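Chemist: I am attaching a structure below and will ask some questions about it afterwards.
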Amino acid sequence: MTERTLVLVKPDGVQRLLVGRILARYEERGLRIVGLKLVQVDRDLAERHYAVHREKPFFAGLVEFITSAPLVALALEGPDAVAVVRTMNGATRPNQADPGTIRGDLALVTSQNLVHASDSPETAQFELDLWFRPEELVGYTREIDRWVLAPEGA
Ligand code: CMP
């Protein structure tokens, strides 16, 4: 089923000049970019985004990190986009991430694991609403869609 999901290329990705390479992975997979922006995150947005982690010991450090420098927020669309992007990102702990994943290839530590992605379709809806205004998400088709998005069974 076609889904949308939220991805953050976190401050470590921007500072390490990896934005282009990370975006290219999602594009090359065939996912469609339907929203994209650079954001200097404030504390309020950071705390709302990571609200489920509020009680965790690493919460304060996480908010500090995510607000420390700009990040890139993007909305991706495609078949089973939520699960596909989670698989592409790899395990949260880079020392458990498979080679070939973004974290498995490019990251070493959990607190600087380069990317965030929604973990379920419900979370994706919440996070897309948090990061993008409705008019910032653009629906469109691409010439290549008939080569990467053929309907199942076609
Ligand atoms: P993310 O997918 O952005 O969602 C929550 C983030 O918390 C996670 O990636 C990690 O960057 C971070 N995180 C999870 N566990 C720890 C930890 N033990 N120490 C520091 N950061 C953590």
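Within each chain, counting starts at residue 1; across the structure tokens, chains are named A, B, ... in the order shown, with ligands numbered 1 upward in that order.
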What are the closest atom pairs, with distances in Å to one decimal, for each residue of chain A lying within 10 Å of ligand 1, using only C-alpha atoms and all ligand atoms, rows by chain and rising residue number, as JSON lines?

Modeler:
{"residue": "A:Val7", "atom": "CA", "partner": "ligand 1", "partner_atom_place_in_ligand_line": "2 (O)", "distance": 9.2}
{"residue": "A:Leu8", "atom": "CA", "partner": "ligand 1", "partner_atom_place_in_ligand_line": "3 (O)", "distance": 7.8}
{"residue": "A:Val9", "atom": "CA", "partner": "ligand 1", "partner_atom_place_in_ligand_line": "3 (O)", "distance": 9.2}
{"residue": "A:Lys10", "atom": "CA", "partner": "ligand 1", "partner_atom_place_in_ligand_line": "3 (O)", "distance": 7.8}
{"residue": "A:His49", "atom": "CA", "partner": "ligand 1", "partner_atom_place_in_ligand_line": "4 (O)", "distance": 9.2}
{"residue": "A:Tyr50", "atom": "CA", "partner": "ligand 1", "partner_atom_place_in_ligand_line": "5 (C)", "distance": 6.8}
{"residue": "A:Ala51", "atom": "CA", "partner": "ligand 1", "partner_atom_place_in_ligand_line": "5 (C)", "distance": 9.9}
{"residue": "A:Val52", "atom": "CA", "partner": "ligand 1", "partner_atom_place_in_ligand_line": "5 (C)", "distance": 8.9}
{"residue": "A:His53", "atom": "CA", "partner": "ligand 1", "partner_atom_place_in_ligand_line": "5 (C)", "distance": 7.2}
{"residue": "A:Lys56", "atom": "CA", "partner": "ligand 1", "partner_atom_place_in_ligand_line": "15 (N)", "distance": 8.4}
{"residue": "A:Pro57", "atom": "CA", "partner": "ligand 1", "partner_atom_place_in_ligand_line": "18 (N)", "distance": 7.7}
{"residue": "A:Phe58", "atom": "CA", "partner": "ligand 1", "partner_atom_place_in_ligand_line": "20 (C)", "distance": 5.1}
{"residue": "A:Phe59", "atom": "CA", "partner": "ligand 1", "partner_atom_place_in_ligand_line": "7 (O)", "distance": 7.4}
{"residue": "A:Ala60", "atom": "CA", "partner": "ligand 1", "partner_atom_place_in_ligand_line": "20 (C)", "distance": 9.5}
{"residue": "A:Gly61", "atom": "CA", "partner": "ligand 1", "partner_atom_place_in_ligand_line": "20 (C)", "distance": 7.1}
{"residue": "A:Leu62", "atom": "CA", "partner": "ligand 1", "partner_atom_place_in_ligand_line": "21 (N)", "distance": 6.0}
{"residue": "A:Val63", "atom": "CA", "partner": "ligand 1", "partner_atom_place_in_ligand_line": "7 (O)", "distance": 9.1}
{"residue": "A:Phe65", "atom": "CA", "partner": "ligand 1", "partner_atom_place_in_ligand_line": "11 (O)", "distance": 9.0}
{"residue": "A:Ile66", "atom": "CA", "partner": "ligand 1", "partner_atom_place_in_ligand_line": "3 (O)", "distance": 8.7}
{"residue": "A:Arg86", "atom": "CA", "partner": "ligand 1", "partner_atom_place_in_ligand_line": "2 (O)", "distance": 9.1}
{"residue": "A:Asn89", "atom": "CA", "partner": "ligand 1", "partner_atom_place_in_ligand_line": "2 (O)", "distance": 9.1}
{"residue": "A:Gly90", "atom": "CA", "partner": "ligand 1", "partner_atom_place_in_ligand_line": "2 (O)", "distance": 10.0}
{"residue": "A:Ala91", "atom": "CA", "partner": "ligand 1", "partner_atom_place_in_ligand_line": "2 (O)", "distance": 8.9}
{"residue": "A:Thr92", "atom": "CA", "partner": "ligand 1", "partner_atom_place_in_ligand_line": "9 (O)", "distance": 5.8}
{"residue": "A:Arg93", "atom": "CA", "partner": "ligand 1", "partner_atom_place_in_ligand_line": "15 (N)", "distance": 7.5}
{"residue": "A:Pro94", "atom": "CA", "partner": "ligand 1", "partner_atom_place_in_ligand_line": "10 (C)", "distance": 9.7}
{"residue": "A:Val109", "atom": "CA", "partner": "ligand 1", "partner_atom_place_in_ligand_line": "20 (C)", "distance": 8.3}
{"residue": "A:Thr110", "atom": "CA", "partner": "ligand 1", "partner_atom_place_in_ligand_line": "11 (O)", "distance": 5.2}
{"residue": "A:Ser111", "atom": "CA", "partner": "ligand 1", "partner_atom_place_in_ligand_line": "21 (N)", "distance": 3.9}
{"residue": "A:Gln112", "atom": "CA", "partner": "ligand 1", "partner_atom_place_in_ligand_line": "11 (O)", "distance": 5.8}
{"residue": "A:Asn113", "atom": "CA", "partner": "ligand 1", "partner_atom_place_in_ligand_line": "11 (O)", "distance": 5.5}
{"residue": "A:Leu114", "atom": "CA", "partner": "ligand 1", "partner_atom_place_in_ligand_line": "11 (O)", "distance": 7.7}
{"residue": "A:Val115", "atom": "CA", "partner": "ligand 1", "partner_atom_place_in_ligand_line": "3 (O)", "distance": 6.3}
{"residue": "A:His116", "atom": "CA", "partner": "ligand 1", "partner_atom_place_in_ligand_line": "2 (O)", "distance": 4.0}
{"residue": "A:Ala117", "atom": "CA", "partner": "ligand 1", "partner_atom_place_in_ligand_line": "2 (O)", "distance": 5.9}
{"residue": "A:Ser118", "atom": "CA", "partner": "ligand 1", "partner_atom_place_in_ligand_line": "2 (O)", "distance": 7.7}
{"residue": "A:Asp119", "atom": "CA", "partner": "ligand 1", "partner_atom_place_in_ligand_line": "2 (O)", "distance": 8.3}

Chemist: Just write the chosen residues, N, CA, C and O atoms, as a tab-separated table (two decimals), in the first residue's frame.

Modeler:
chain	number	residue	atom	x	y	z
A	7	VAL	N	11.26	11.34	7.44
A	7	VAL	CA	12.67	11.06	7.68
A	7	VAL	C	13.35	12.35	8.13
A	7	VAL	O	13.06	13.43	7.59
A	8	LEU	N	14.22	12.25	9.09
A	8	LEU	CA	15.10	13.36	9.46
A	8	LEU	C	16.53	12.94	9.17
A	8	LEU	O	16.97	11.87	9.64
A	9	VAL	N	17.24	13.75	8.41
A	9	VAL	CA	18.70	13.62	8.35
A	9	VAL	C	19.19	14.53	9.46
A	9	VAL	O	19.11	15.76	9.35
A	10	LYS	N	19.61	13.93	10.54
A	10	LYS	CA	19.83	14.66	11.78
A	10	LYS	C	21.10	15.54	11.68
A	10	LYS	O	21.84	15.48	10.69
A	49	HIS	N	8.49	15.99	19.15
A	49	HIS	CA	8.88	14.89	18.26
A	49	HIS	C	9.32	13.66	19.06
A	49	HIS	O	8.99	12.52	18.70
A	50	TYR	N	10.08	13.89	20.12
A	50	TYR	CA	10.61	12.77	20.90
A	50	TYR	C	9.81	12.53	22.20
A	50	TYR	O	10.35	11.98	23.16
A	51	ALA	N	8.53	12.92	22.21
A	51	ALA	CA	7.71	12.82	23.43
A	51	ALA	C	7.69	11.41	24.00
A	51	ALA	O	7.69	11.24	25.23
A	52	VAL	N	7.71	10.40	23.15
A	52	VAL	CA	7.64	9.01	23.67
A	52	VAL	C	8.90	8.65	24.46
A	52	VAL	O	8.90	7.66	25.19
A	53	HIS	N	9.97	9.42	24.29
A	53	HIS	CA	11.22	9.13	25.00
A	53	HIS	C	11.42	10.03	26.23
A	53	HIS	O	12.49	10.03	26.83
A	56	LYS	N	13.09	8.68	29.25
A	56	LYS	CA	14.34	7.93	29.07
A	56	LYS	C	15.53	8.74	29.59
A	56	LYS	O	15.54	9.97	29.52
A	57	PRO	N	16.55	8.05	30.06
A	57	PRO	CA	17.73	8.77	30.60
A	57	PRO	C	18.44	9.61	29.55
A	57	PRO	O	19.10	10.59	29.89
A	58	PHE	N	18.30	9.21	28.27
A	58	PHE	CA	19.01	9.96	27.23
A	58	PHE	C	18.19	11.10	26.63
A	58	PHE	O	18.63	11.77	25.71
A	59	PHE	N	16.97	11.37	27.19
A	59	PHE	CA	16.08	12.35	26.58
A	59	PHE	C	16.70	13.76	26.51
A	59	PHE	O	16.67	14.40	25.45
A	60	ALA	N	17.26	14.23	27.62
A	60	ALA	CA	17.83	15.58	27.63
A	60	ALA	C	18.94	15.71	26.59
A	60	ALA	O	19.01	16.70	25.85
A	61	GLY	N	19.79	14.69	26.52
A	61	GLY	CA	20.88	14.72	25.54
A	61	GLY	C	20.37	14.66	24.11
A	61	GLY	O	20.93	15.29	23.21
A	62	LEU	N	19.29	13.93	23.92
A	62	LEU	CA	18.69	13.80	22.59
A	62	LEU	C	18.14	15.14	22.11
A	62	LEU	O	18.38	15.55	20.96
A	63	VAL	N	17.44	15.85	23.01
A	63	VAL	CA	16.89	17.16	22.66
A	63	VAL	C	18.03	18.15	22.41
A	63	VAL	O	18.00	18.94	21.45
A	65	PHE	N	21.00	17.48	21.34
A	65	PHE	CA	21.63	17.12	20.07
A	65	PHE	C	20.80	17.58	18.86
A	65	PHE	O	21.32	18.21	17.93
A	66	ILE	N	19.52	17.31	18.91
A	66	ILE	CA	18.68	17.56	17.73
A	66	ILE	C	18.46	19.06	17.51
A	66	ILE	O	18.14	19.50	16.41
A	86	ARG	N	12.66	2.18	7.14
A	86	ARG	CA	13.27	1.65	8.38
A	86	ARG	C	14.35	0.62	8.05
A	86	ARG	O	15.41	0.60	8.66
A	89	ASN	N	17.42	2.32	6.71
A	89	ASN	CA	18.18	3.03	7.75
A	89	ASN	C	19.02	2.07	8.58
A	89	ASN	O	20.11	2.42	9.04
A	90	GLY	N	18.51	0.86	8.83
A	90	GLY	CA	19.23	-0.10	9.67
A	90	GLY	C	18.88	0.06	11.13
A	90	GLY	O	18.17	0.99	11.53
A	91	ALA	N	19.40	-0.84	11.95
A	91	ALA	CA	19.07	-0.85	13.37
A	91	ALA	C	19.47	0.47	14.04
A	91	ALA	O	20.46	1.10	13.66
A	92	THR	N	18.67	0.86	15.06
A	92	THR	CA	18.93	2.11	15.78
A	92	THR	C	20.36	2.18	16.30
A	92	THR	O	21.01	3.22	16.22
A	93	ARG	N	20.84	1.03	16.82
A	93	ARG	CA	22.22	0.97	17.29
A	93	ARG	C	23.12	0.59	16.12
A	93	ARG	O	23.04	-0.54	15.62
A	94	PRO	N	23.96	1.50	15.67
A	94	PRO	CA	24.76	1.23	14.47
A	94	PRO	C	25.62	-0.02	14.58
A	94	PRO	O	25.91	-0.66	13.56
A	109	VAL	N	27.73	5.17	16.43
A	109	VAL	CA	27.17	5.26	17.78
A	109	VAL	C	25.69	5.65	17.73
A	109	VAL	O	25.24	6.35	16.81
A	110	THR	N	24.94	5.20	18.75
A	110	THR	CA	23.49	5.37	18.77
A	110	THR	C	23.07	6.83	18.84
A	110	THR	O	22.07	7.22	18.25
A	111	SER	N	23.83	7.63	19.56
A	111	SER	CA	23.45	9.04	19.72
A	111	SER	C	23.74	9.86	18.47
A	111	SER	O	23.24	10.97	18.33
A	112	GLN	N	24.52	9.31	17.54
A	112	GLN	CA	24.79	9.99	16.27
A	112	GLN	C	24.58	8.96	15.15
A	112	GLN	O	25.52	8.56	14.47
A	113	ASN	N	23.29	8.58	14.99
A	113	ASN	CA	22.97	7.52	14.02
A	113	ASN	C	22.36	8.07	12.74
A	113	ASN	O	21.67	7.38	12.00
A	114	LEU	N	22.60	9.36	12.49
A	114	LEU	CA	22.39	10.04	11.20
A	114	LEU	C	20.94	10.29	10.80
A	114	LEU	O	20.63	11.34	10.26
A	115	VAL	N	20.08	9.29	10.96
A	115	VAL	CA	18.73	9.42	10.42
A	115	VAL	C	17.68	8.98	11.45
A	115	VAL	O	17.96	8.16	12.32
A	116	HIS	N	16.51	9.57	11.31
A	116	HIS	CA	15.33	9.12	12.05
A	116	HIS	C	14.26	8.80	11.01
A	116	HIS	O	14.15	9.49	10.01
A	117	ALA	N	13.46	7.78	11.27
A	117	ALA	CA	12.31	7.53	10.40
A	117	ALA	C	11.14	7.04	11.24
A	117	ALA	O	11.32	6.34	12.25
A	118	SER	N	9.94	7.37	10.81
A	118	SER	CA	8.73	6.95	11.51
A	118	SER	C	8.70	5.43	11.63
A	118	SER	O	9.08	4.72	10.70
A	119	ASP	N	8.22	4.94	12.79
A	119	ASP	CA	8.26	3.49	13.01
A	119	ASP	C	6.96	2.77	12.73
A	119	ASP	O	6.90	1.54	12.85

Chemist: With only C-alpha atoms as the atoms that count, which of A:Ala107, A:Leu130, A:Leu137, A:Met1 lies nearest to A:Val41?

Modeler: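 Among the listed residues, A:Leu130 lies closest to A:Val41.
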
Chemist: Would you list the contacts of A:Gly35 as a PDB file with N, CA, C and O atoms, in the first residue's frame, taking every protein, DNA or RNA residue within 7 Å and counting only C-alpha atoms, but skipping same-chain residues closer than 2 positions in sequence?

Modeler:
ATOM      1  N   ILE A  33      10.152  11.928  -3.194  1.00  0.00           N
ATOM      2  CA  ILE A  33      10.249  13.008  -2.210  1.00  0.00           C
ATOM      3  C   ILE A  33       9.017  13.895  -2.372  1.00  0.00           C
ATOM      4  O   ILE A  33       8.808  14.480  -3.437  1.00  0.00           O
ATOM      5  N   LEU A  74      12.405  15.322   5.624  1.00  0.00           N
ATOM      6  CA  LEU A  74      11.811  14.986   4.347  1.00  0.00           C
ATOM      7  C   LEU A  74      10.666  14.021   4.511  1.00  0.00           C
ATOM      8  O   LEU A  74      10.629  13.232   5.461  1.00  0.00           O
ATOM      9  N   ALA A  75       9.720  14.147   3.606  1.00  0.00           N
ATOM     10  CA  ALA A  75       8.596  13.230   3.545  1.00  0.00           C
ATOM     11  C   ALA A  75       8.782  12.390   2.296  1.00  0.00           C
ATOM     12  O   ALA A  75       9.018  12.918   1.208  1.00  0.00           O
ATOM     13  N   GLU A 136       2.929  22.114   2.361  1.00  0.00           N
ATOM     14  CA  GLU A 136       4.347  21.806   2.128  1.00  0.00           C
ATOM     15  C   GLU A 136       4.539  20.380   1.603  1.00  0.00           C
ATOM     16  O   GLU A 136       5.664  20.017   1.235  1.00  0.00           O
ATOM     17  N   LEU A 137       3.497  19.590   1.596  1.00  0.00           N
ATOM     18  CA  LEU A 137       3.572  18.236   1.050  1.00  0.00           C
ATOM     19  C   LEU A 137       2.942  18.263  -0.336  1.00  0.00           C
ATOM     20  O   LEU A 137       1.794  18.676  -0.509  1.00  0.00           O
ATOM     21  N   VAL A 138       3.727  17.849  -1.323  1.00  0.00           N
ATOM     22  CA  VAL A 138       3.322  18.016  -2.719  1.00  0.00           C
ATOM     23  C   VAL A 138       3.130  16.653  -3.380  1.00  0.00           C
ATOM     24  O   VAL A 138       4.073  15.854  -3.470  1.00  0.00           O
TER      25      VAL A 138
END

Chemist: Need the shell around A:Val34: protein/DNA/RNA residues with any atom at most 12 Å away, counting only C-alpha atoms. Skip same-chain ones fewer than 6 positions apart. Format as a short mmCIF file (atom, residue, chain, number, x, y, z; two decimals) with all heavy atoms, in the first residue's frame?

Modeler:
data_model
loop_
_atom_site.label_atom_id
_atom_site.label_comp_id
_atom_site.auth_asym_id
_atom_site.auth_seq_id
_atom_site.Cartn_x
_atom_site.Cartn_y
_atom_site.Cartn_z
N GLU A 3 2.32 4.55 1.08
CA GLU A 3 2.40 5.22 2.38
C GLU A 3 3.31 6.43 2.26
O GLU A 3 4.14 6.51 1.35
CB GLU A 3 3.01 4.28 3.43
CG GLU A 3 2.18 3.07 3.76
CD GLU A 3 2.89 2.11 4.70
OE1 GLU A 3 4.13 2.19 4.84
OE2 GLU A 3 2.21 1.25 5.27
N ARG A 4 3.17 7.31 3.24
CA ARG A 4 4.13 8.40 3.41
C ARG A 4 4.81 8.22 4.76
O ARG A 4 4.19 7.76 5.71
CB ARG A 4 3.44 9.76 3.35
CG ARG A 4 3.00 10.14 1.95
CD ARG A 4 2.38 11.51 1.91
NE ARG A 4 2.09 11.91 0.52
CZ ARG A 4 1.56 13.06 0.17
NH1 ARG A 4 1.25 13.96 1.10
NH2 ARG A 4 1.35 13.34 -1.11
N THR A 5 6.08 8.61 4.82
CA THR A 5 6.80 8.51 6.08
C THR A 5 7.69 9.73 6.26
O THR A 5 8.08 10.38 5.28
CB THR A 5 7.64 7.20 6.12
OG1 THR A 5 8.15 7.00 7.44
CG2 THR A 5 8.79 7.23 5.13
N LEU A 6 8.00 10.03 7.52
CA LEU A 6 8.89 11.16 7.81
C LEU A 6 10.30 10.67 8.06
O LEU A 6 10.51 9.71 8.80
CB LEU A 6 8.43 11.91 9.07
CG LEU A 6 9.43 13.02 9.42
CD1 LEU A 6 9.05 14.31 8.71
CD2 LEU A 6 9.58 13.23 10.90
N VAL A 7 11.26 11.34 7.44
CA VAL A 7 12.67 11.06 7.68
C VAL A 7 13.35 12.35 8.13
O VAL A 7 13.06 13.43 7.59
CB VAL A 7 13.37 10.54 6.40
CG1 VAL A 7 14.88 10.43 6.61
CG2 VAL A 7 12.80 9.19 5.98
N TYR A 26 17.51 7.12 -0.92
CA TYR A 26 16.04 7.01 -0.97
C TYR A 26 15.54 7.23 -2.40
O TYR A 26 14.64 6.54 -2.86
CB TYR A 26 15.40 8.03 -0.03
CG TYR A 26 15.80 7.90 1.43
CD1 TYR A 26 16.28 9.00 2.13
CD2 TYR A 26 15.69 6.68 2.11
CE1 TYR A 26 16.63 8.90 3.47
CE2 TYR A 26 16.04 6.58 3.45
CZ TYR A 26 16.52 7.69 4.12
OH TYR A 26 16.87 7.59 5.45
N GLU A 27 16.11 8.22 -3.08
CA GLU A 27 15.68 8.49 -4.46
C GLU A 27 15.96 7.29 -5.36
O GLU A 27 15.12 6.88 -6.15
CB GLU A 27 16.44 9.70 -5.01
CG GLU A 27 15.89 11.04 -4.63
CD GLU A 27 16.46 12.13 -5.52
OE1 GLU A 27 17.70 12.31 -5.52
OE2 GLU A 27 15.67 12.80 -6.21
N ALA A 73 14.49 17.71 7.09
CA ALA A 73 13.27 16.90 7.22
C ALA A 73 12.76 16.58 5.84
O ALA A 73 12.71 17.45 4.96
CB ALA A 73 12.21 17.69 8.00
N LEU A 74 12.41 15.32 5.62
CA LEU A 74 11.81 14.99 4.35
C LEU A 74 10.67 14.02 4.51
O LEU A 74 10.63 13.23 5.46
CB LEU A 74 12.84 14.46 3.34
CG LEU A 74 13.53 13.15 3.52
CD1 LEU A 74 13.88 12.57 2.15
CD2 LEU A 74 14.81 13.37 4.30
N ALA A 75 9.72 14.15 3.61
CA ALA A 75 8.60 13.23 3.54
C ALA A 75 8.78 12.39 2.30
O ALA A 75 9.02 12.92 1.21
CB ALA A 75 7.29 14.02 3.48
N LEU A 76 8.70 11.07 2.48
CA LEU A 76 8.89 10.14 1.37
C LEU A 76 7.62 9.35 1.15
O LEU A 76 6.93 8.99 2.12
CB LEU A 76 10.05 9.17 1.67
CG LEU A 76 11.43 9.79 1.77
CD1 LEU A 76 12.45 8.74 2.22
CD2 LEU A 76 11.86 10.37 0.42
N GLU A 77 7.36 9.03 -0.10
CA GLU A 77 6.14 8.31 -0.46
C GLU A 77 6.50 7.12 -1.34
O GLU A 77 7.37 7.21 -2.20
CB GLU A 77 5.22 9.26 -1.23
CG GLU A 77 3.89 8.69 -1.62
CD GLU A 77 3.06 9.75 -2.33
OE1 GLU A 77 3.29 9.98 -3.54
OE2 GLU A 77 2.20 10.37 -1.68
N GLY A 78 5.80 6.02 -1.11
CA GLY A 78 6.00 4.84 -1.95
C GLY A 78 5.32 3.64 -1.34
O GLY A 78 4.77 3.71 -0.24
N LEU A 128 4.46 13.54 10.35
CA LEU A 128 4.31 14.39 9.15
C LEU A 128 3.52 15.65 9.51
O LEU A 128 3.86 16.75 9.07
CB LEU A 128 3.64 13.62 8.02
CG LEU A 128 4.50 12.54 7.38
CD1 LEU A 128 3.66 11.60 6.52
CD2 LEU A 128 5.62 13.16 6.53
N PHE A 132 5.46 19.12 8.87
CA PHE A 132 5.08 19.79 7.62
C PHE A 132 3.66 20.34 7.69
O PHE A 132 2.74 19.66 8.18
CB PHE A 132 5.15 18.79 6.45
CG PHE A 132 6.55 18.43 6.05
CD1 PHE A 132 7.16 17.28 6.53
CD2 PHE A 132 7.27 19.24 5.18
CE1 PHE A 132 8.46 16.94 6.17
CE2 PHE A 132 8.58 18.91 4.81
CZ PHE A 132 9.17 17.76 5.31
N PRO A 134 0.24 21.23 5.65
CA PRO A 134 -0.36 20.49 4.53
C PRO A 134 0.15 20.97 3.16
O PRO A 134 0.43 20.15 2.28
CB PRO A 134 -1.86 20.74 4.69
CG PRO A 134 -2.04 21.02 6.14
CD PRO A 134 -0.78 21.71 6.61
N GLU A 135 0.29 22.28 2.99
CA GLU A 135 0.69 22.81 1.68
C GLU A 135 2.17 22.57 1.37
O GLU A 135 2.62 22.78 0.25
CB GLU A 135 0.35 24.30 1.57
CG GLU A 135 1.10 25.21 2.53
CD GLU A 135 0.40 25.40 3.88
OE1 GLU A 135 -0.40 24.53 4.27
OE2 GLU A 135 0.67 26.42 4.52
N GLU A 136 2.93 22.11 2.36
CA GLU A 136 4.35 21.81 2.13
C GLU A 136 4.54 20.38 1.60
O GLU A 136 5.66 20.02 1.24
CB GLU A 136 5.15 21.98 3.42
CG GLU A 136 5.25 23.42 3.86
CD GLU A 136 6.01 23.57 5.17
OE1 GLU A 136 5.80 22.75 6.09
OE2 GLU A 136 6.82 24.51 5.27
N LEU A 137 3.50 19.59 1.60
CA LEU A 137 3.57 18.24 1.05
C LEU A 137 2.94 18.26 -0.34
O LEU A 137 1.79 18.68 -0.51
CB LEU A 137 2.84 17.25 1.96
CG LEU A 137 3.47 17.10 3.35
CD1 LEU A 137 2.63 16.15 4.21
CD2 LEU A 137 4.91 16.59 3.25
N VAL A 138 3.73 17.85 -1.32
CA VAL A 138 3.32 18.02 -2.72
C VAL A 138 3.13 16.65 -3.38
O VAL A 138 4.07 15.85 -3.47
CB VAL A 138 4.40 18.82 -3.49
CG1 VAL A 138 3.97 19.02 -4.93
CG2 VAL A 138 4.65 20.16 -2.81
N GLY A 139 1.92 16.40 -3.83
CA GLY A 139 1.64 15.16 -4.56
C GLY A 139 1.90 15.37 -6.04
O GLY A 139 1.50 16.38 -6.61
N TYR A 140 2.60 14.44 -6.68
CA TYR A 140 2.89 14.56 -8.11
C TYR A 140 3.32 13.19 -8.62
O TYR A 140 3.58 12.28 -7.84
CB TYR A 140 3.99 15.61 -8.38
CG TYR A 140 5.33 15.28 -7.74
CD1 TYR A 140 6.38 14.76 -8.50
CD2 TYR A 140 5.54 15.47 -6.38
CE1 TYR A 140 7.60 14.46 -7.92
CE2 TYR A 140 6.76 15.16 -5.80
CZ TYR A 140 7.79 14.65 -6.57
OH TYR A 140 8.98 14.33 -5.98
N THR A 141 3.40 13.06 -9.94
CA THR A 141 3.92 11.83 -10.52
C THR A 141 5.21 12.15 -11.26
O THR A 141 5.49 13.31 -11.57
CB THR A 141 2.91 11.19 -11.50
OG1 THR A 141 2.60 12.15 -12.50
CG2 THR A 141 1.65 10.77 -10.77
N ARG A 142 6.01 11.10 -11.49
CA ARG A 142 7.29 11.26 -12.18
C ARG A 142 7.30 10.37 -13.41
O ARG A 142 6.63 9.34 -13.45
CB ARG A 142 8.44 10.85 -11.26
CG ARG A 142 8.46 11.58 -9.93
CD ARG A 142 9.38 10.88 -8.95
NE ARG A 142 9.00 9.49 -8.74
CZ ARG A 142 9.59 8.65 -7.88
NH1 ARG A 142 10.60 9.09 -7.15
NH2 ARG A 142 9.19 7.41 -7.76
#

Chemist: Name the closest residue to A:Met88 among the candidates A:Asp129, A:Glu55, A:Glu143, A:Glu28; distances are taken between atoms, counting only C-alpha atoms.

Modeler: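 Closest to A:Met88 of all the choices is A:Glu28.
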
Chemist: So the first atom is atom CA of A:Trp131 and the second is atom CA of A:Asp44; what is the distance between them in Å, to one decimal place?

Modeler: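 Interatomic distance here is 12.0 Å.
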
Chemist: From the options A:Leu31, A:Leu36, A:Val14, A:Leu108, which residue's atoms come nearest to A:Pro70, counting only C-alpha atoms?

Modeler: A:Val14

Chemist: For A:Ser120, which residue out of A:Glu64, A:Glu152, A:Asp42, A:Asp80 is the nearest one, using only C-alpha atoms?

Modeler: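 Of A:Glu64, A:Glu152, A:Asp42, A:Asp80, the one nearest A:Ser120, counting only C-alpha atoms, is A:Asp80.
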
Chemist: Compare A:Thr123, A:Arg32, A:Leu38, A:Val84 by their minimum atom-to-atom distance to A:Val19, counting only C-alpha atoms, and give me the closest one.

Modeler: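 Of A:Thr123, A:Arg32, A:Leu38, A:Val84, the one nearest A:Val19, counting only C-alpha atoms, is A:Leu38.
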
Chemist: Nearest to A:Val85: which of A:Leu45, A:Leu17, A:Ala124, A:Leu149 is it, counting only C-alpha atoms?

Modeler: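 Ranking A:Leu45, A:Leu17, A:Ala124, A:Leu149 by distance to A:Val85, first place goes to A:Ala124.
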